[in-house]
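start_12.tsv, holding TSV, C-alpha atoms:
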```tsv
chain	number	residue	atom	x	y	z
A	2	MET	CA	11.79	-7.73	114.17
A	3	GLU	CA	12.94	-4.12	114.30
A	4	GLU	CA	10.98	-3.43	111.17
A	5	VAL	CA	7.87	-4.90	112.74
A	6	GLU	CA	8.34	-2.75	115.83
A	7	LYS	CA	8.70	0.31	113.64
A	8	ILE	CA	5.47	-0.50	111.77
A	9	VAL	CA	3.52	-1.11	114.97
A	10	THR	CA	4.83	2.03	116.67
A	11	GLY	CA	3.98	4.04	113.56
A	12	PHE	CA	0.50	2.56	113.43
A	13	ILE	CA	-0.20	3.33	117.11
A	14	LYS	CA	1.08	6.85	116.62
A	15	PHE	CA	-1.27	7.25	113.66
A	16	LEU	CA	-4.23	6.04	115.75
A	17	ARG	CA	-3.35	8.43	118.56
A	18	THR	CA	-3.01	11.46	116.27
A	19	SER	CA	-6.24	10.66	114.45
A	20	GLY	CA	-8.06	10.16	117.82
A	21	LYS	CA	-8.90	6.50	117.10
A	22	LEU	CA	-6.73	4.79	119.70
A	23	HIS	CA	-9.86	3.48	121.43
A	24	LEU	CA	-10.38	1.20	118.42
A	25	LEU	CA	-7.16	-0.68	119.18
A	26	PRO	CA	-8.80	-3.69	121.02
A	27	GLN	CA	-11.11	-4.31	118.05
A	28	ILE	CA	-8.23	-3.91	115.60
A	29	LEU	CA	-6.27	-6.45	117.63
A	30	LYS	CA	-9.15	-8.95	117.44
A	31	ILE	CA	-9.26	-8.64	113.68
A	32	LEU	CA	-5.48	-8.90	113.44
A	33	LYS	CA	-5.50	-12.05	115.62
A	34	LYS	CA	-8.12	-13.62	113.36
A	35	GLU	CA	-6.15	-12.67	110.26
A	36	ALA	CA	-2.95	-14.04	111.78
A	37	GLN	CA	-4.70	-17.29	112.70
A	38	GLN	CA	-6.03	-17.63	109.16
A	39	ILE	CA	-2.58	-16.96	107.70
A	40	GLU	CA	-1.13	-19.53	110.08
A	41	GLU	CA	-3.77	-22.09	109.07
A	42	GLU	CA	-3.16	-21.40	105.40
A	43	ASN	CA	0.51	-22.11	105.96
A	44	THR	CA	0.04	-25.25	108.03
A	45	ALA	CA	-0.67	-28.71	106.65
A	46	VAL	CA	-2.03	-31.30	109.09
A	47	VAL	CA	-1.06	-34.73	107.77
A	48	THR	CA	-2.94	-37.61	109.38
A	49	SER	CA	-1.48	-41.11	109.00
A	50	ALA	CA	-2.12	-44.54	110.50
A	51	GLN	CA	1.44	-44.71	111.85
A	52	PRO	CA	3.85	-41.84	112.62
A	53	LEU	CA	5.56	-40.69	109.41
A	54	GLY	CA	9.33	-40.80	109.09
A	55	GLU	CA	11.54	-37.89	108.07
A	56	ALA	CA	11.81	-39.14	104.50
A	57	GLU	CA	8.04	-39.43	104.11
A	58	LEU	CA	7.45	-35.98	105.59
A	59	THR	CA	10.03	-34.53	103.21
A	60	GLU	CA	8.28	-36.17	100.26
A	61	ILE	CA	4.96	-34.65	101.32
A	62	GLU	CA	6.57	-31.28	101.93
A	63	LYS	CA	7.97	-31.32	98.40
A	64	GLU	CA	4.59	-32.13	96.90
A	65	LEU	CA	2.90	-29.41	98.95
A	66	ILE	CA	5.45	-26.80	97.79
A	67	HIS	CA	4.67	-27.92	94.27
A	68	LEU	CA	0.92	-27.64	94.87
A	69	PHE	CA	0.81	-24.38	96.90
A	70	GLY	CA	3.86	-22.61	95.53
A	71	HIS	CA	5.37	-22.05	98.99
A	72	LYS	CA	6.57	-23.97	102.03
A	73	LEU	CA	4.03	-25.12	104.62
A	74	THR	CA	4.50	-26.13	108.22
A	75	ILE	CA	3.66	-29.83	108.51
A	76	ILE	CA	2.04	-31.34	111.58
A	77	ASN	CA	1.78	-35.12	111.66
A	78	GLU	CA	-1.24	-36.56	113.49
A	79	VAL	CA	-1.69	-40.29	114.01
A	80	ASN	CA	-5.04	-42.07	113.66
A	81	PRO	CA	-4.89	-45.89	113.23
A	82	ASN	CA	-8.49	-45.89	111.98
A	83	ILE	CA	-7.46	-44.49	108.60
A	84	LEU	CA	-5.68	-47.87	108.09
A	85	GLY	CA	-3.05	-46.58	105.66
A	86	GLY	CA	-2.17	-43.72	103.33
A	87	PHE	CA	-2.75	-40.19	104.63
A	88	ILE	CA	-5.12	-37.25	104.92
A	89	ILE	CA	-3.87	-33.71	104.34
A	90	ARG	CA	-5.80	-30.73	105.71
A	91	VAL	CA	-4.83	-27.16	104.88
A	92	ALA	CA	-7.22	-24.63	106.46
A	93	ASP	CA	-10.66	-25.82	105.30
A	94	ARG	CA	-9.39	-27.91	102.40
A	95	ILE	CA	-8.94	-31.66	102.76
A	96	VAL	CA	-7.40	-34.31	100.56
A	97	ASP	CA	-8.22	-37.81	101.78
A	98	LEU	CA	-5.86	-40.41	100.38
A	99	SER	CA	-6.37	-42.86	103.22
A	100	LEU	CA	-7.14	-46.57	102.80
A	101	ASN	CA	-10.23	-46.08	104.94
A	102	ASN	CA	-11.57	-43.49	102.48
A	103	TYR	CA	-10.71	-45.73	99.56
A	104	LEU	CA	-12.68	-48.59	101.12
A	105	GLU	CA	-15.62	-46.30	101.94
A	106	GLU	CA	-15.71	-45.10	98.33
A	107	LEU	CA	-15.57	-48.70	97.19
A	108	LYS	CA	-18.47	-49.55	99.48
A	109	GLU	CA	-20.54	-46.67	98.05
A	110	LYS	CA	-19.68	-47.77	94.53
A	111	ILE	CA	-20.77	-51.37	95.19
A	112	THR	CA	-23.96	-50.26	96.95
A	113	HIS	CA	-25.07	-47.83	94.25
A	114	GLU	CA	-23.86	-49.80	91.29
A	115	ASN	CA	-26.66	-50.53	88.77
A	116	ASN	CA	-27.80	-54.11	88.43
B	1119	MET	CA	-178.79	-70.03	32.36
B	1120	LEU	CA	-177.10	-69.26	35.64
B	1121	ALA	CA	-179.89	-70.96	37.38
B	1122	LYS	CA	-179.30	-74.01	35.28
B	1123	ILE	CA	-175.80	-74.28	36.64
B	1124	GLY	CA	-177.09	-73.64	40.20
B	1125	ILE	CA	-176.01	-70.06	40.65
B	1126	ASN	CA	-178.34	-67.58	42.19
B	1127	LEU	CA	-177.81	-64.26	40.50
B	1128	ILE	CA	-178.84	-62.20	43.47
B	1129	SER	CA	-176.62	-64.23	45.70
B	1130	LEU	CA	-173.89	-63.84	43.15
B	1131	VAL	CA	-174.31	-60.10	43.00
B	1132	ALA	CA	-174.49	-59.96	46.78
B	1133	GLN	CA	-171.40	-62.12	46.89
B	1134	ILE	CA	-169.65	-59.81	44.41
B	1135	ILE	CA	-170.68	-56.75	46.38
B	1136	ASN	CA	-169.67	-58.53	49.53
B	1137	PHE	CA	-166.37	-59.42	48.01
B	1138	GLY	CA	-165.96	-55.88	46.70
B	1139	LEU	CA	-166.70	-54.45	50.07
B	1140	LEU	CA	-164.37	-56.89	51.74
B	1141	PHE	CA	-161.71	-56.16	49.20
B	1142	PHE	CA	-162.13	-52.43	49.69
B	1143	ILE	CA	-162.10	-52.69	53.44
B	1144	LEU	CA	-159.19	-55.08	53.45
B	1145	SER	CA	-157.23	-53.08	50.94
B	1146	ARG	CA	-158.03	-49.85	52.70
B	1147	PHE	CA	-157.49	-50.81	56.31
B	1148	LEU	CA	-155.44	-53.99	56.34
B	1149	TYR	CA	-153.67	-54.71	53.14
B	1150	LYS	CA	-152.03	-51.30	52.64
B	1151	PRO	CA	-150.80	-50.91	56.24
B	1152	LEU	CA	-149.64	-54.49	56.16
B	1153	LEU	CA	-147.88	-53.88	52.90
B	1154	ARG	CA	-146.36	-50.70	54.30
B	1155	LEU	CA	-145.34	-52.62	57.38
B	1156	PHE	CA	-143.81	-55.36	55.25
B	1157	GLU	CA	-142.06	-52.80	53.12
B	1158	GLU	CA	-140.69	-51.03	56.19
B	1159	ARG	CA	-139.66	-54.36	57.65
B	1160	ALA	CA	-138.07	-55.39	54.39
B	1161	LYS	CA	-136.36	-52.01	54.24
B	1162	LYS	CA	-135.19	-52.40	57.82
B	1163	ILE	CA	-134.00	-55.90	57.09
B	1164	SER	CA	-132.27	-54.66	53.97
B	1165	GLN	CA	-130.73	-51.81	55.92
B	1166	GLY	CA	-129.72	-54.25	58.66
B	1167	LEU	CA	-128.23	-56.58	56.13
B	1168	LYS	CA	-126.40	-53.68	54.49
B	1169	ALA	CA	-125.16	-52.49	57.86
B	1170	ALA	CA	-124.13	-56.03	58.74
B	1171	GLU	CA	-122.38	-56.31	55.41
B	1172	GLU	CA	-120.65	-52.99	56.01
B	1173	ASN	CA	-119.83	-54.09	59.47
B	1174	LEU	CA	-118.35	-57.25	58.10
B	1175	LYS	CA	-116.40	-55.24	55.54
B	1176	GLU	CA	-115.26	-52.84	58.24
B	1177	LYS	CA	-114.39	-55.75	60.45
B	1178	ALA	CA	-112.42	-57.38	57.66
B	1179	LYS	CA	-110.71	-54.08	56.95
B	1180	LEU	CA	-109.96	-53.66	60.61
B	1181	GLU	CA	-108.70	-57.24	60.79
B	1182	ALA	CA	-106.46	-56.60	57.81
B	1183	GLN	CA	-105.27	-53.36	59.38
B	1184	LYS	CA	-104.76	-55.12	62.66
B	1185	LYS	CA	-102.79	-57.86	60.92
B	1186	LEU	CA	-100.73	-55.24	59.14
B	1187	GLU	CA	-100.12	-53.38	62.36
B	1188	MET	CA	-99.28	-56.63	64.09
B	1189	LYS	CA	-96.87	-57.49	61.31
B	1190	LYS	CA	-95.33	-54.03	61.47
B	1191	THR	CA	-95.08	-54.23	65.25
B	1192	GLN	CA	-93.58	-57.70	65.04
B	1193	GLU	CA	-91.09	-56.51	62.44
B	1194	ALA	CA	-90.22	-53.48	64.55
B	1195	MET	CA	-89.87	-55.70	67.58
B	1196	GLU	CA	-87.66	-58.11	65.69
B	1197	LYS	CA	-85.58	-55.22	64.42
B	1198	LEU	CA	-85.31	-53.84	67.95
B	1199	LEU	CA	-84.48	-57.27	69.29
B	1200	ASN	CA	-81.78	-57.73	66.67
B	1201	GLN	CA	-80.39	-54.29	67.39
B	1202	ALA	CA	-80.49	-55.04	71.09
B	1203	LYS	CA	-78.69	-58.33	70.46
B	1204	ILE	CA	-76.01	-56.58	68.37
B	1205	GLU	CA	-75.69	-53.83	70.95
B	1206	ALA	CA	-75.51	-56.39	73.75
B	1207	LYS	CA	-72.81	-58.26	71.86
B	1208	LYS	CA	-70.89	-55.02	71.34
B	1209	GLN	CA	-71.29	-54.05	74.99
B	1210	SER	CA	-70.29	-57.50	76.13
B	1211	ALA	CA	-67.20	-57.43	73.91
B	1212	LEU	CA	-66.35	-53.96	75.18
B	1213	ILE	CA	-66.78	-55.01	78.81
B	1214	ILE	CA	-64.63	-58.09	78.23
B	1215	GLU	CA	-61.97	-56.01	76.47
B	1216	ASN	CA	-62.03	-53.40	79.24
B	1217	ALA	CA	-61.75	-56.10	81.87
B	1218	ARG	CA	-58.88	-57.67	79.95
B	1219	GLN	CA	-57.11	-54.32	79.67
B	1220	THR	CA	-57.68	-53.55	83.35
B	1221	ALA	CA	-56.39	-56.99	84.31
B	1222	LYS	CA	-53.36	-56.45	82.07
B	1223	ARG	CA	-52.68	-53.04	83.62
B	1224	GLU	CA	-53.12	-54.40	87.13
B	1225	ALA	CA	-50.81	-57.30	86.38
B	1226	ALA	CA	-48.22	-54.91	84.94
B	1227	LYS	CA	-48.57	-52.70	88.01
B	1228	GLU	CA	-48.17	-55.66	90.32
B	1229	ALA	CA	-45.17	-56.86	88.36
B	1230	GLU	CA	-43.63	-53.39	88.57
B	1231	ILE	CA	-44.23	-53.23	92.33
B	1232	LEU	CA	-42.70	-56.68	92.72
B	1233	ARG	CA	-39.77	-55.73	90.52
B	1234	GLN	CA	-39.24	-52.54	92.53
B	1235	LYS	CA	-39.47	-54.51	95.79
B	1236	LEU	CA	-36.97	-57.05	94.54
B	1237	TYR	CA	-34.71	-54.26	93.36
B	1238	GLU	CA	-34.91	-52.54	96.76
B	1239	GLU	CA	-34.28	-55.80	98.59
B	1240	GLU	CA	-31.35	-56.59	96.32
B	1241	LYS	CA	-30.01	-53.08	96.88
B	1242	GLN	CA	-30.31	-53.44	100.66
B	1243	LEU	CA	-28.69	-56.85	100.53
B	1244	LYS	CA	-25.90	-55.48	98.37
B	1245	ALA	CA	-25.38	-52.60	100.80
B	1246	LYS	CA	-25.30	-55.00	103.75
B	1247	MET	CA	-22.88	-57.30	101.94
B	1248	ALA	CA	-20.68	-54.38	100.92
B	1249	LYS	CA	-20.69	-53.07	104.49
B	1250	MET	CA	-19.78	-56.49	105.85
B	1251	VAL	CA	-17.02	-57.05	103.30
B	1252	ILE	CA	-15.54	-53.58	103.80
B	1253	GLU	CA	-15.68	-53.86	107.59
B	1254	LEU	CA	-14.02	-57.25	107.41
B	1255	THR	CA	-11.37	-55.89	105.04
B	1256	LYS	CA	-10.73	-52.96	107.40
B	1257	LYS	CA	-10.33	-55.31	110.36
B	1258	THR	CA	-8.01	-57.58	108.39
B	1259	LEU	CA	-5.95	-54.66	107.05
B	1260	LYS	CA	-5.57	-53.27	110.57
B	1261	GLU	CA	-4.06	-56.57	111.64
B	1262	VAL	CA	-2.10	-57.38	108.49
B	1263	LEU	CA	-0.58	-54.07	107.43
B	1264	GLY	CA	2.92	-53.84	108.85
B	1265	GLU	CA	5.51	-51.07	108.48
B	1266	THR	CA	6.66	-52.27	105.06
B	1267	GLU	CA	3.13	-52.44	103.67
B	1268	GLN	CA	2.31	-49.04	105.15
B	1269	LYS	CA	5.34	-47.58	103.36
B	1270	LYS	CA	4.17	-49.15	100.08
B	1271	VAL	CA	0.66	-47.71	100.54
B	1272	PHE	CA	2.18	-44.32	101.38
B	1273	ALA	CA	4.32	-44.37	98.23
B	1274	HIS	CA	1.31	-45.33	96.14
B	1275	GLN	CA	-0.89	-42.60	97.57
B	1276	LEU	CA	1.91	-40.02	97.28
B	1277	LYS	CA	1.82	-40.57	93.52
B	1278	LYS	CA	-1.89	-39.74	93.60
B	1279	LEU	CA	-1.15	-36.51	95.51
B	1280	LYS	CA	0.71	-35.19	92.46
B	1281	SER	CA	-2.50	-35.05	90.48
B	1282	VAL	CA	-4.70	-33.67	93.29
B	1283	ASN	CA	-6.31	-30.26	92.95
B	1284	PHE	CA	-6.42	-28.64	96.36
B	1285	ASN	CA	-8.79	-25.88	95.33
```

For this file, produce the structure as structure tokens.
Amino acid sequence: MEEVEKIVTGFIKFLRTSGKLHLLPQILKILKKEAQQIEEENTAVVTSAQPLGEAELTEIEKELIHLFGHKLTIINEVNPNILGGFIIRVADRIVDLSLNNYLEELKEKITHENN
Amino acid sequence: MLAKIGINLISLVAQIINFGLLFFILSRFLYKPLLRLFEERAKKISQGLKAAEENLKEKAKLEAQKKLEMKKTQEAMEKLLNQAKIEAKKQSALIIENARQTAKREAAKEAEILRQKLYEEEKQLKAKMAKMVIELTKKTLKEVLGETEQKKVFAHQLKKLKSVNFN
């Protein structure tokens, strides 16, 4: 935390000496956006039909570390309409492994299957 | 001697003179003009006959020509008629063939429309059926899937996650 304080103080000092301190609100906006994006990139929202247990969350966490190369914060959301399985959303990327999605895909396949 | 046979010489001479005079007068004023008249008439008749003969010849020639022309015309007409018949037959065959082809095309078109309609209807029916089946399955799964089954589904889907590409 001390290191962060040092960086911020140094940065403000730099802005003051270069006469660009008035740009600070805009810089903060950009930083907030960046921080939000970084937070989203590091958060996985896992939707399941029933609340997931510790063991299941750990399994998913392991797989996500394997897929992304680093640890992600997992948030478990419950939606009974997905019937079973789970949906993982990381930032704007989604992997739908729910039963509902499987059935919808099956429906599409039956509908568009050639005679 | 003449007297013996009852002929008066003077009367005879007078008769001869009379006859000579009559002959002269007749030959001079009647016979020659009459002869000329007869000759002219005969000539005219001859000319008339000749003209009539020529006329007849001309008529015969014309008749023959007419017959020939008639024959030629008839032949030409027959030829034309035959050609017209052949052409009519050709045209009729062509019209029939065209009509047959058009009917065939129309039938094929109709069949294609019908096939497309059936295909669309079948597709719609299939979609409806699929929707019904899936909705029913969803409803059933919602009721049937308990904690154990959910865990099984989770484990199954977790295996799939290993092969997922997030990018």

Quiz item: In Å, how far is it from CA of Ile1135 in chain B to CA of Ala1121 in chain B?
Solution: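 It comes out at 19.2 Å.
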
Exercise. For chain B, work out the contacting residues on chain A at 10 Å, counting only C-alpha atoms, and write them as JSON, numbers by chain.
Key: {"A": [49, 50, 51, 53, 54, 57, 60, 61, 64, 65, 67, 68, 69, 81, 82, 83, 84, 85, 86, 87, 89, 90, 91, 94, 95, 96, 97, 98, 99, 100, 101, 104, 105, 107, 108, 109, 110, 111, 112, 113, 114, 115, 116]}

Self-check item: Point-to-point distance from CA of Glu1172 in chain B to CA of Met1188 in chain B, Å rounded to tenths
Solution: 23.1 Å

Exercise. Using only C-alpha atoms, determine which residues lie at most 8 Å from Thr48 in chain A, disregarding the query and same-chain residues fewer than 5 positions distant; provide the list as a list in words.
Key: Asn77, Glu78, Val79, Asn80, Phe87, Ile88 and Ile89 of chain A

Quiz item: Rounded to one decimal in Å, what is the spacing between CA of Ile75 in chain A and CA of Glu3 in chain A?
Solution: 27.9 Å

Quiz item: For Glu41 in chain A, which of A:Leu73, A:Ile8, A:Ala92, A:Leu29 is the closest residue, counting only C-alpha atoms?
Solution: A:Ala92

First collect every listed atom of range 1249-1255 of chain B; then fit an axis-aligned box around them, widen it by 8 Å on each side, and give centre and edge lengths in Å to one decimal, as lines of an AutoDock Vina configuration file.
```
center_x = -16.0
center_y = -55.2
center_z = 105.4
size_x = 25.3
size_y = 20.2
size_z = 20.3
```

Practice problem: Name the closest residue to Glu62 in chain A among the candidates A:Leu32, A:Val9, A:Val46, A:Leu16; distances are taken between atoms, counting all atoms listed in the file. | Solution: A:Val46

If I only want range 1135-1245 of chain B, can you write it with C-alpha atoms, as a tab-separated table (two decimals), in the first residue's frame?
```
chain	number	residue	atom	x	y	z
B	1135	ILE	CA	-78.06	-8.50	-184.73
B	1136	ASN	CA	-80.62	-8.32	-181.99
B	1137	PHE	CA	-78.87	-11.06	-180.13
B	1138	GLY	CA	-75.51	-9.40	-180.76
B	1139	LEU	CA	-76.78	-6.13	-179.50
B	1140	LEU	CA	-78.34	-7.78	-176.49
B	1141	PHE	CA	-75.19	-9.70	-175.85
B	1142	PHE	CA	-73.10	-6.56	-176.12
B	1143	ILE	CA	-75.39	-4.57	-173.91
B	1144	LEU	CA	-75.71	-7.36	-171.40
B	1145	SER	CA	-72.03	-8.09	-171.37
B	1146	ARG	CA	-71.18	-4.43	-171.19
B	1147	PHE	CA	-73.65	-3.21	-168.60
B	1148	LEU	CA	-74.90	-6.25	-166.73
B	1149	TYR	CA	-72.78	-9.29	-167.12
B	1150	LYS	CA	-69.41	-7.70	-166.26
B	1151	PRO	CA	-70.63	-5.77	-163.20
B	1152	LEU	CA	-72.51	-8.84	-162.10
B	1153	LEU	CA	-69.43	-10.94	-162.60
B	1154	ARG	CA	-67.36	-8.36	-160.74
B	1155	LEU	CA	-69.96	-8.34	-158.00
B	1156	PHE	CA	-69.93	-12.13	-157.85
B	1157	GLU	CA	-66.17	-12.15	-157.80
B	1158	GLU	CA	-66.08	-9.58	-155.01
B	1159	ARG	CA	-68.73	-11.51	-153.14
B	1160	ALA	CA	-66.85	-14.75	-153.68
B	1161	LYS	CA	-63.67	-13.00	-152.57
B	1162	LYS	CA	-65.44	-11.62	-149.52
B	1163	ILE	CA	-66.89	-15.03	-148.77
B	1164	SER	CA	-63.48	-16.57	-149.26
B	1165	GLN	CA	-61.93	-13.94	-147.03
B	1166	GLY	CA	-64.70	-14.48	-144.48
B	1167	LEU	CA	-64.18	-18.19	-144.60
B	1168	LYS	CA	-60.43	-17.71	-144.24
B	1169	ALA	CA	-60.96	-15.33	-141.34
B	1170	ALA	CA	-63.42	-17.76	-139.79
B	1171	GLU	CA	-60.92	-20.54	-140.29
B	1172	GLU	CA	-58.20	-18.42	-138.73
B	1173	ASN	CA	-60.55	-17.49	-135.99
B	1174	LEU	CA	-61.26	-21.13	-135.40
B	1175	LYS	CA	-57.54	-21.88	-135.41
B	1176	GLU	CA	-56.92	-18.97	-133.07
B	1177	LYS	CA	-59.77	-20.11	-130.90
B	1178	ALA	CA	-58.41	-23.65	-130.83
B	1179	LYS	CA	-54.97	-22.28	-130.04
B	1180	LEU	CA	-56.41	-20.12	-127.33
B	1181	GLU	CA	-58.40	-23.08	-126.00
B	1182	ALA	CA	-55.24	-25.16	-125.94
B	1183	GLN	CA	-53.37	-22.33	-124.26
B	1184	LYS	CA	-56.21	-21.89	-121.84
B	1185	LYS	CA	-56.21	-25.60	-121.09
B	1186	LEU	CA	-52.46	-25.50	-120.60
B	1187	GLU	CA	-52.74	-22.49	-118.34
B	1188	MET	CA	-55.57	-24.14	-116.47
B	1189	LYS	CA	-53.48	-27.27	-116.08
B	1190	LYS	CA	-50.50	-25.23	-114.93
B	1191	THR	CA	-52.68	-23.26	-112.52
B	1192	GLN	CA	-54.25	-26.45	-111.22
B	1193	GLU	CA	-50.83	-28.01	-110.78
B	1194	ALA	CA	-49.55	-24.90	-109.03
B	1195	MET	CA	-52.64	-24.88	-106.85
B	1196	GLU	CA	-52.21	-28.53	-106.02
B	1197	LYS	CA	-48.56	-27.93	-105.23
B	1198	LEU	CA	-49.50	-24.97	-103.04
B	1199	LEU	CA	-52.23	-26.98	-101.40
B	1200	ASN	CA	-49.83	-29.83	-100.70
B	1201	GLN	CA	-47.25	-27.42	-99.34
B	1202	ALA	CA	-49.91	-25.77	-97.23
B	1203	LYS	CA	-50.99	-29.18	-95.95
B	1204	ILE	CA	-47.38	-30.11	-95.09
B	1205	GLU	CA	-46.82	-26.73	-93.48
B	1206	ALA	CA	-50.09	-27.01	-91.57
B	1207	LYS	CA	-49.06	-30.46	-90.37
B	1208	LYS	CA	-45.67	-29.12	-89.29
B	1209	GLN	CA	-47.27	-26.13	-87.55
B	1210	SER	CA	-49.82	-28.34	-85.89
B	1211	ALA	CA	-47.10	-30.72	-84.67
B	1212	LEU	CA	-45.06	-27.76	-83.44
B	1213	ILE	CA	-48.04	-26.25	-81.62
B	1214	ILE	CA	-48.85	-29.61	-80.03
B	1215	GLU	CA	-45.21	-30.10	-79.01
B	1216	ASN	CA	-45.02	-26.57	-77.61
B	1217	ALA	CA	-48.25	-27.10	-75.70
B	1218	ARG	CA	-46.92	-30.40	-74.39
B	1219	GLN	CA	-43.66	-28.78	-73.31
B	1220	THR	CA	-45.48	-25.87	-71.68
B	1221	ALA	CA	-47.80	-28.28	-69.87
B	1222	LYS	CA	-44.78	-30.30	-68.75
B	1223	ARG	CA	-43.02	-27.17	-67.49
B	1224	GLU	CA	-46.15	-25.94	-65.73
B	1225	ALA	CA	-46.65	-29.33	-64.12
B	1226	ALA	CA	-43.01	-29.38	-62.99
B	1227	LYS	CA	-43.40	-25.86	-61.62
B	1228	GLU	CA	-46.57	-26.81	-59.78
B	1229	ALA	CA	-44.91	-29.92	-58.41
B	1230	GLU	CA	-41.95	-27.84	-57.24
B	1231	ILE	CA	-44.25	-25.31	-55.55
B	1232	LEU	CA	-46.14	-28.14	-53.89
B	1233	ARG	CA	-42.91	-29.81	-52.85
B	1234	GLN	CA	-41.62	-26.51	-51.43
B	1235	LYS	CA	-44.93	-25.96	-49.61
B	1236	LEU	CA	-44.82	-29.44	-48.16
B	1237	TYR	CA	-41.21	-28.93	-47.17
B	1238	GLU	CA	-42.06	-25.63	-45.45
B	1239	GLU	CA	-45.04	-27.16	-43.69
B	1240	GLU	CA	-42.96	-30.12	-42.59
B	1241	LYS	CA	-40.27	-27.74	-41.37
B	1242	GLN	CA	-42.79	-25.69	-39.41
B	1243	LEU	CA	-44.32	-28.83	-37.97
B	1244	LYS	CA	-40.89	-30.12	-37.04
B	1245	ALA	CA	-40.06	-26.79	-35.36
```
